[in-house]
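Participant: Got a structure for you, written out below as structure tokens; questions coming shortly.
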Amino acid sequence: MSLLISRRSLIVGAPALLAGCDQVARNSTARAILFKGEDMHRGIQRALMDRDALAREFRPDQRSPIFRSNGTRDPGTPEYETLAAGKFADWRLNVGGLVARPLALALTDLAHLPNRAQITRHDCVEGWSAIAKWQGPTLGSVLKAAGLRDAARYIVFTCADLYGGRPYYESIDLIDAFHPQTILAWALNDRMLPIANGAPCRLRVERQLGYKHAKYLMRVDAVASLAGIGKGRGGYWEDNVDYDWYAGI
């Protein structure tokens, strides 16, 4: 019997496969096993790769003609609309939590910090990818300016878009936070970041899947634990759809 699955048989059998996945997702024991697999994935990837190993970067002519938007395309809240109407002149990125010097950074502050530009591929969990140029200061340089306290272990991002009436949120650990390609991007393809792609500022954490790249950033907080963040898994999709917290690629 062939072990290969044809495209036609996969399509025909997809409902059953999805039903099976849904049953597994609802089983607490199976979910615990899957989450242990996530921890193993993170451990293996970190063991095999240098923590500063770079995601591939591309030439300018290799950029995709369009970088599609995904998820929220406009937060649409009165507060965000006011900021957008003023071209985000009054927007501030608040950096706090377990830091010695809380910050409130304007777009001009981000632009005047040492910036990094990189052309990388965005890989979405939905199966599409696109190559684009991003520019902004490294997250590590911002955290150093704020002065992380010794107890800090994770960095949590709070956004302007609302899901279920609450701000979208994501998190990464300090290894990814201080990776040289992890930046607070305010520019896309040499232009100010469009609203559909996360204006005025979004996270780029290039060695992880797209849902980790939080858009519409409003707060960056250093925390000791993810236990008090959302339902405890550190991100909206992780808490509500059981996505992996560590989405390394």
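Labels used: A, B, ... for chains in the order of the structure tokens, numbers from 1 for residues in each chain, and numbers from 1 for ligands as shown.
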Could you give me, as a PyMOL selection string, each residue of segment 111-229 of chain A that DSSP assigns to alpha helix (DSSP H) when run on this structure's backbone?
Facilitator: chain A and resi 111-112+139-146+174-177
Participant: Kindly export the residues of the current selection with N, CA, C and O atoms, as a short mmCIF file (atom, residue, chain, number, x, y, z; two decimals), in the first residue's frame.
Facilitator:
data_model
loop_
_atom_site.label_atom_id
_atom_site.label_comp_id
_atom_site.auth_asym_id
_atom_site.auth_seq_id
_atom_site.Cartn_x
_atom_site.Cartn_y
_atom_site.Cartn_z
N ALA A 111 12.70 56.56 15.15
CA ALA A 111 13.45 56.85 13.94
C ALA A 111 14.87 57.32 14.25
O ALA A 111 15.79 57.09 13.45
N HIS A 112 15.06 57.98 15.40
CA HIS A 112 16.37 58.52 15.74
C HIS A 112 17.26 57.53 16.49
O HIS A 112 18.46 57.78 16.66
N LEU A 139 14.66 45.68 19.21
CA LEU A 139 13.98 45.64 20.50
C LEU A 139 15.00 45.59 21.63
O LEU A 139 14.80 46.22 22.68
N GLY A 140 16.10 44.89 21.42
CA GLY A 140 17.12 44.78 22.44
C GLY A 140 17.67 46.13 22.86
O GLY A 140 17.90 46.39 24.05
N SER A 141 17.88 47.04 21.89
CA SER A 141 18.41 48.37 22.23
C SER A 141 17.42 49.17 23.05
O SER A 141 17.80 49.92 23.95
N VAL A 142 16.13 49.01 22.76
CA VAL A 142 15.10 49.70 23.54
C VAL A 142 15.05 49.15 24.96
O VAL A 142 14.96 49.91 25.94
N LEU A 143 15.13 47.83 25.09
CA LEU A 143 15.10 47.23 26.43
C LEU A 143 16.34 47.61 27.24
O LEU A 143 16.25 47.83 28.45
N LYS A 144 17.47 47.71 26.58
CA LYS A 144 18.68 48.16 27.28
C LYS A 144 18.52 49.59 27.76
O LYS A 144 18.96 49.94 28.87
N ALA A 145 17.91 50.44 26.94
CA ALA A 145 17.69 51.83 27.35
C ALA A 145 16.76 51.90 28.56
O ALA A 145 16.92 52.77 29.43
N ALA A 146 15.79 50.98 28.61
CA ALA A 146 14.85 50.96 29.74
C ALA A 146 15.47 50.32 30.97
O ALA A 146 15.03 50.58 32.09
N LEU A 174 13.45 36.32 26.38
CA LEU A 174 14.55 37.27 26.23
C LEU A 174 15.52 36.87 25.12
O LEU A 174 16.17 37.73 24.51
N ILE A 175 15.61 35.56 24.83
CA ILE A 175 16.49 35.14 23.73
C ILE A 175 16.02 35.74 22.42
O ILE A 175 16.80 36.32 21.66
N ASP A 176 14.72 35.64 22.14
CA ASP A 176 14.20 36.23 20.91
C ASP A 176 14.12 37.75 20.99
O ASP A 176 14.27 38.44 19.98
N ALA A 177 13.88 38.28 22.19
CA ALA A 177 13.80 39.73 22.33
C ALA A 177 15.12 40.41 21.98
O ALA A 177 15.13 41.51 21.41
#
Participant: Give the answer as one residue: which of A:Gln135, A:Arg63, A:Ala89, A:Ala227 has the shortest atom-to-atom distance to Leu193 of chain A, using only C-alpha atoms?
Facilitator: A:Gln135
Participant: Mind pulling up the distance from atom CA of Arg92 of chain A to atom CA of Gly71 of chain A?
Facilitator: 22.7 Å
Participant: Nearest residue to Asp90 of chain A out of A:Asn70, A:Ser129, A:Thr108, A:Asn240, using only C-alpha atoms?
Facilitator: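 Of A:Asn70, A:Ser129, A:Thr108, A:Asn240, the one nearest Asp90 of chain A is A:Thr108, counting only C-alpha atoms.
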Participant: In Å to one decimal, how far is atom CA of Lys212 of chain A from atom CA of Ile229 of chain A?
Facilitator: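 These atoms are spaced 15.0 Å apart.
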Participant: In Å to one decimal, how far is atom CA of Ser69 of chain A from atom CA of Leu209 of chain A?
Facilitator: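 Distance reported for this atom pair: 14.6 Å.
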Participant: Neighbouring residues of segment 157-168 of chain A were defined as those with any atom within 7 Å, considering only C-alpha atoms; residues of the same chain fewer than 6 positions away were excluded. Please report them as a ChimeraX atom specification.
Facilitator: /A:72,75,80,215-221,236
Participant: Go ahead and write the residues just picked, C-alpha atoms, as a short mmCIF file (atom, residue, chain, number, x, y, z; two decimals), in the first residue's frame.
Facilitator:
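Here's the written file result25.cif:
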data_model
loop_
_atom_site.label_atom_id
_atom_site.label_comp_id
_atom_site.auth_asym_id
_atom_site.auth_seq_id
_atom_site.Cartn_x
_atom_site.Cartn_y
_atom_site.Cartn_z
CA THR A 72 -6.88 43.07 11.88
CA PRO A 75 -8.28 48.62 14.85
CA TYR A 80 -6.82 54.65 17.28
CA LYS A 215 0.83 44.82 15.04
CA TYR A 216 -0.42 48.22 16.31
CA LEU A 217 1.94 48.19 19.30
CA MET A 218 0.97 50.30 22.30
CA ARG A 219 2.87 48.74 25.21
CA VAL A 220 5.99 46.64 25.72
CA ASP A 221 6.31 45.17 29.22
CA TYR A 236 -4.23 35.66 22.17
#
